[in-house]
Amino acid sequence: MEYRQLGRSGLKVPALSFGAGTFGGTGPLFGNWGTTDAAEARRLLDICLDAGVTLFDTADVYSDGASERVLGEAIRGRRDQVLISTKTGLPMGEGPNQAGTSRLRLVGAVEAALARLGTDYIDLLQLHAFDAATPVEEVLATLDTLIRAGKLRYVGVSNFAGWQIMKSLAASERHGWPRYVANQVYYSLVGRDYEWELMPLGADQGLGALVWSPLGWGRLTGRIRRGAPLPAGSRLNETADFGPPVDEERLYRIVEVLDELAGETGRTVPQIAINWLLRRPTVASVILGARNEAQLVDNLGAVGWALDAGQIARLDAASAVTAPYPYFPYRRQAGFARLDPPLAG
């Protein structure tokens, strides 16, 4: 396993990490992701640790805390072998203070997560969404207090816009508070919006990307084909409306190139899609989701080899989309690109 620096921090994380959204799954979304119990979770962790995967990601909102509880049971007795990443900020109830990142909510959410996880510190806490009602100064001062109390090691964000991240980083610089070092983002061959603004921001400001849904919300598993219905067991049958939208023609174009490369390399479609991501700028770790051992073992095969430049170029071409304004001139016109060239893959 390759280990990479997480943004502009001293923390090293594995190139592949494991997402515990399938643990203890309940409800229309998480129940379709998976219903892994503690015994199954321990076995999946065994496989991960044997492969060098040491970072495990969850969130308080995943199955109303059940994911954190199952993960806590699975790591019992080996806390020093793992890195725990969790997230908070999305609603956990209907009450006025059961959502967001106010001081009251953050302190309570961290205490609750620590209890569910059965640990006294969290390696990486990420804010799951931007809370427009709470001043960034209040958020960052609270995170600073929690770090000084030894309850958090590092902090990051997820699902933030570029200006929201920069506003927070400016406040951190101004007051000497901890800077965000991670940005958990949706990024895949079928979802490349991360590249327009957040990737250059991450490169400039030192935020490492933790990639969620690297297989495009289950669309790049190798089971989706042009002209064929969704497989009976695909989670897309129940959860497609929860995930990011996808242009079907572009999806099929990408899948056809993935199929060609699978034949050329002897690798599976998911392995190729993940390997492409591992070559992208700013990507620190790709979060794998697996409902069973077979899926996990297959996804772990995405490391230890590399697509060649020609193969990467074919995937780039098949998945390319026109960037929105004001980004497209810098990618299509030489004069703009001379001033701010796109990041190399």
# chains A, B, ... in the order shown; residues from 1 in each chain; ligands from 1

call {"tool": "closest_atom_pairs", "arguments": {"of": "region 259-290 of chain A", "to": "region 300-320 of chain A", "cutoff": "10 Å", "atoms": "only C-alpha atoms", "output": "JSON lines"}}
result
{"residue": "A:Glu260", "atom": "CA", "partner": "A:Gln311", "partner_atom": "CA", "distance": 9.7}
{"residue": "A:Leu261", "atom": "CA", "partner": "A:Gln311", "partner_atom": "CA", "distance": 7.2}
{"residue": "A:Glu264", "atom": "CA", "partner": "A:Gln311", "partner_atom": "CA", "distance": 9.6}
{"residue": "A:Thr265", "atom": "CA", "partner": "A:Leu307", "partner_atom": "CA", "distance": 8.4}
{"residue": "A:Arg267", "atom": "CA", "partner": "A:Gly301", "partner_atom": "CA", "distance": 8.2}
{"residue": "A:Thr268", "atom": "CA", "partner": "A:Gly301", "partner_atom": "CA", "distance": 8.6}
{"residue": "A:Val269", "atom": "CA", "partner": "A:Ala302", "partner_atom": "CA", "distance": 9.7}
{"residue": "A:Pro270", "atom": "CA", "partner": "A:Ala302", "partner_atom": "CA", "distance": 7.7}
{"residue": "A:Gln271", "atom": "CA", "partner": "A:Ala302", "partner_atom": "CA", "distance": 4.3}
{"residue": "A:Ile272", "atom": "CA", "partner": "A:Ala302", "partner_atom": "CA", "distance": 6.6}
{"residue": "A:Ala273", "atom": "CA", "partner": "A:Ala302", "partner_atom": "CA", "distance": 8.3}
{"residue": "A:Ile274", "atom": "CA", "partner": "A:Ala302", "partner_atom": "CA", "distance": 6.0}
{"residue": "A:Asn275", "atom": "CA", "partner": "A:Ala302", "partner_atom": "CA", "distance": 5.3}
{"residue": "A:Trp276", "atom": "CA", "partner": "A:Ile312", "partner_atom": "CA", "distance": 6.8}
{"residue": "A:Leu277", "atom": "CA", "partner": "A:Ala302", "partner_atom": "CA", "distance": 9.9}
{"residue": "A:Leu278", "atom": "CA", "partner": "A:Val303", "partner_atom": "CA", "distance": 8.5}
{"residue": "A:Arg279", "atom": "CA", "partner": "A:Ala306", "partner_atom": "CA", "distance": 8.4}
{"residue": "A:Leu288", "atom": "CA", "partner": "A:Leu300", "partner_atom": "CA", "distance": 8.3}

call {"tool": "residues_around", "arguments": {"residues": "Phe23 (chain A)", "least_positions_apart": "6", "cutoff": "9 Å", "atoms": "only C-alpha atoms", "output": "PyMOL selection string"}}
result
chain A and resi 30+33-38+40-41+58+62-63+66-71+291

call {"tool": "select_by_dssp", "arguments": {"residues": "region 158-214 of chain A", "states": "strand (DSSP E)", "output": "PyMOL selection string"}}
result
chain A and resi 158+182-186+208-212

call {"tool": "closest_atom_pairs", "arguments": {"of": "region 181-263 of chain A", "to": "region 328-341 of chain A", "cutoff": "12 Å", "atoms": "only C-alpha atoms", "output": "JSON lines"}}
result
{"residue": "A:Glu195", "atom": "CA", "partner": "A:Arg331", "partner_atom": "CA", "distance": 11.3}
{"residue": "A:Trp196", "atom": "CA", "partner": "A:Phe328", "partner_atom": "CA", "distance": 8.7}
{"residue": "A:Glu197", "atom": "CA", "partner": "A:Phe328", "partner_atom": "CA", "distance": 11.2}
{"residue": "A:Pro200", "atom": "CA", "partner": "A:Asp340", "partner_atom": "CA", "distance": 10.0}

call {"tool": "closest_residue", "arguments": {"among": "A:Ile224, A:Arg8, A:Ala74, A:Arg219", "to": "Arg43 (chain A)", "atoms": "only C-alpha atoms"}}
result
A:Ala74

call {"tool": "select_by_dssp", "arguments": {"residues": "region 208-337 of chain A", "states": "helix (DSSP H, G or I)", "output": "PyMOL selection string"}}
result
chain A and resi 236-242+248-265+269-278+293-300+309-319+328-332+334-337

call {"tool": "residues_around", "arguments": {"residues": "Leu6 (chain A)", "least_positions_apart": "5", "cutoff": "6 Å", "atoms": "only C-alpha atoms", "output": "list in words"}}
result
Leu11, Lys12, Gly208 and Ala284 of chain A

call {"tool": "residues_around", "arguments": {"residues": "Gly19 (chain A)", "least_positions_apart": "6", "cutoff": "8 Å", "atoms": "only C-alpha atoms", "output": "JSON, numbers by chain"}}
result
{"A": [56, 57, 58, 287, 288, 289, 290]}

call {"tool": "write_last_selection", "arguments": {"atoms": "N, CA and C atoms", "output": "compact mmCIF listing (two decimals), in the first residue's frame"}}
result
# COMPACT_ATOMS: atom_id res chain seq x y z
N PHE A 56 -10.35 4.59 8.20
CA PHE A 56 -11.74 4.16 8.12
C PHE A 56 -12.64 5.37 8.33
N ASP A 57 -13.53 5.59 7.36
CA ASP A 57 -14.34 6.81 7.32
C ASP A 57 -15.80 6.50 7.61
N THR A 58 -16.43 7.35 8.42
CA THR A 58 -17.83 7.20 8.76
C THR A 58 -18.44 8.58 8.97
N ILE A 287 -11.82 6.44 -1.07
CA ILE A 287 -12.59 5.70 -0.08
C ILE A 287 -13.38 4.59 -0.76
N LEU A 288 -13.08 3.36 -0.38
CA LEU A 288 -13.77 2.20 -0.94
C LEU A 288 -15.02 1.90 -0.11
N GLY A 289 -16.09 1.56 -0.81
CA GLY A 289 -17.28 1.06 -0.14
C GLY A 289 -17.52 -0.37 -0.58
N ALA A 290 -17.77 -1.27 0.35
CA ALA A 290 -17.97 -2.67 0.00
C ALA A 290 -19.00 -3.30 0.90

call {"tool": "closest_residue", "arguments": {"among": "A:Leu106, A:Glu173, A:Leu114, A:Gln164", "to": "Glu138 (chain A)", "atoms": "only C-alpha atoms"}}
result
A:Leu106

call {"tool": "atom_distance", "arguments": {"atom1": "CA of Ala113 (chain A)", "atom2": "CA of Gln184 (chain A)"}}
result
18.4 Å

call {"tool": "atom_distance", "arguments": {"atom1": "CA of Val297 (chain A)", "atom2": "CA of Gln81 (chain A)"}}
result
19.9 Å

call {"tool": "closest_residue", "arguments": {"among": "A:Ala149, A:Gln295, A:Arg78, A:Ala20", "to": "Asp46 (chain A)", "atoms": "only C-alpha atoms"}}
result
A:Arg78

call {"tool": "closest_residue", "arguments": {"among": "A:Glu137, A:Glu73, A:Asp144, A:Asp247", "to": "Leu189 (chain A)", "atoms": "only C-alpha atoms"}}
result
A:Asp247

call {"tool": "closest_residue", "arguments": {"among": "A:Leu125, A:Ile75, A:Leu258, A:Leu343", "to": "Leu49 (chain A)", "atoms": "only C-alpha atoms"}}
result
A:Ile75
